[in-house]
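K.L.:
Dropping a structure here in C-alpha cells format, bear with me for questions.
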Amino acid sequence: VFSSKTVTTEDNTKPNIQLSMGDHQAGENDWYKGLTINTKITDNDEVKETLYCITTEKSCTPNETLELTEGVGHVQFSSNNKGQKVCFKATDRKGNENITCSDTYFVDGTEPTLTDITLTPEDDSMTITVNSSDKESGVYTYYYSKDGGSEYIESKDNNYTFTSLE
C-alpha cells in the first residue's frame, strides 16, 4: 500500500547579514580618511529586498535600496565630524527580516591646519619645513611645488629640499 501526504515546509529563518570593513585608509586617533563597509547577505531561500541607512545616532531605519552583486553590497561613509554607523535590513520572499548595524566609525571631515612654513635657502637648494596639524585623522601627505603649483612633489615628510636650483 502506498500513500502520500502533502508536506508544507515553513521558512522562519531570517536572512543572514555579515559585515566587514572594505576599502579604507586608517588615520590617527581612531579616525579614518575613508571607509567602506561591505555586507554579505544570504538566505536559505531568496533575498527579496535589502535596505540601508547611515546615522550618527544609536540606530536608524533602513530606507535606501542597497544593490547586491552575488549577495554582496558596499556602503561608503562620507566625511563627518561625528561617529557614524550603517544599519542594514534584509527581507526574504517569506517576509522574514533581519536588521544589523555596524560599529561606529569616525571619518575625517576637517582640512588640516597649516600653522607655519619655514624656508631655509642654501647655495643651489632650499629646504621647506611645514608645521601643520589635524586633530582628527592626522596629516599624511604634503605637496611641495617650486613652480607656482604647476607640478607638485608628494611626500610623507613635513620637510622637503629642492636641489639644483638656479
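Going by the C-alpha cells order, chains are called A, B, ..., each with residues numbered from 1, while ligands are numbered from 1 in the order shown.
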Name all residues at most 8 Å from A:His74 (count only C-alpha atoms; drop same-chain ones fewer than 2 positions away) and give them as a count of residues only.

P.N.:
8

K.L.:
Extract the full set of strand (DSSP E or B) residues from stretch 29-151 of chain A according to DSSP on the backbone, and format it as a VMD selection string.

P.N.:
chain A and resid 31 to 42 47 to 55 64 to 65 69 72 to 76 84 to 92 97 to 101 105 to 107 113 to 121 126 to 133 142 to 144

K.L.:
What's around stretch 105-114 of chain A at 6 Å? Count only C-alpha atoms, leave out sequence neighbours fewer than 5 positions away in its own chain, and write the answer as a list of chain:residue names.

P.N.:
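Residues meeting the cut-off are A:Trp31, A:Tyr32, A:Lys33, A:Ser79, A:Asn80, A:Asn81, A:Gly83, A:Gln84, A:Ser132, A:Ser133, A:Asp134, A:Ser137.
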
K.L.:
Since we have the selection now, will you write its residues out, keeping C-alpha atoms, as a compact mmCIF listing (two decimals), in the first residue's frame?

P.N.:
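The result, stored in out22.txt:
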```
# COMPACT_ATOMS: atom_id res chain seq x y z
CA TRP A 31 39.79 58.16 12.69
CA TYR A 32 39.65 57.10 9.06
CA LYS A 33 40.39 59.16 5.97
CA SER A 79 33.26 62.74 5.90
CA ASN A 80 31.65 63.72 9.18
CA ASN A 81 32.92 65.17 12.45
CA GLY A 83 30.88 58.95 14.68
CA GLN A 84 28.80 57.14 12.07
CA SER A 132 50.64 71.57 10.44
CA SER A 133 48.12 69.65 12.47
CA ASP A 134 44.89 67.73 12.12
CA SER A 137 42.96 61.63 11.46
```

K.L.:
Of the candidates A:Ile153, A:Gly95, A:Asn159, A:Gly138, which one gets nearest to A:Asp30 if we count only C-alpha atoms?

P.N.:
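Looking at the shortest contact to A:Asp30, the residue is A:Gly138.
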
K.L.:
Using only C-alpha atoms, which of the listed residues (A:Ile54, A:Leu119, A:Ala90, A:Ile128) sits closest to A:Lys14?

P.N.:
A:Ala90
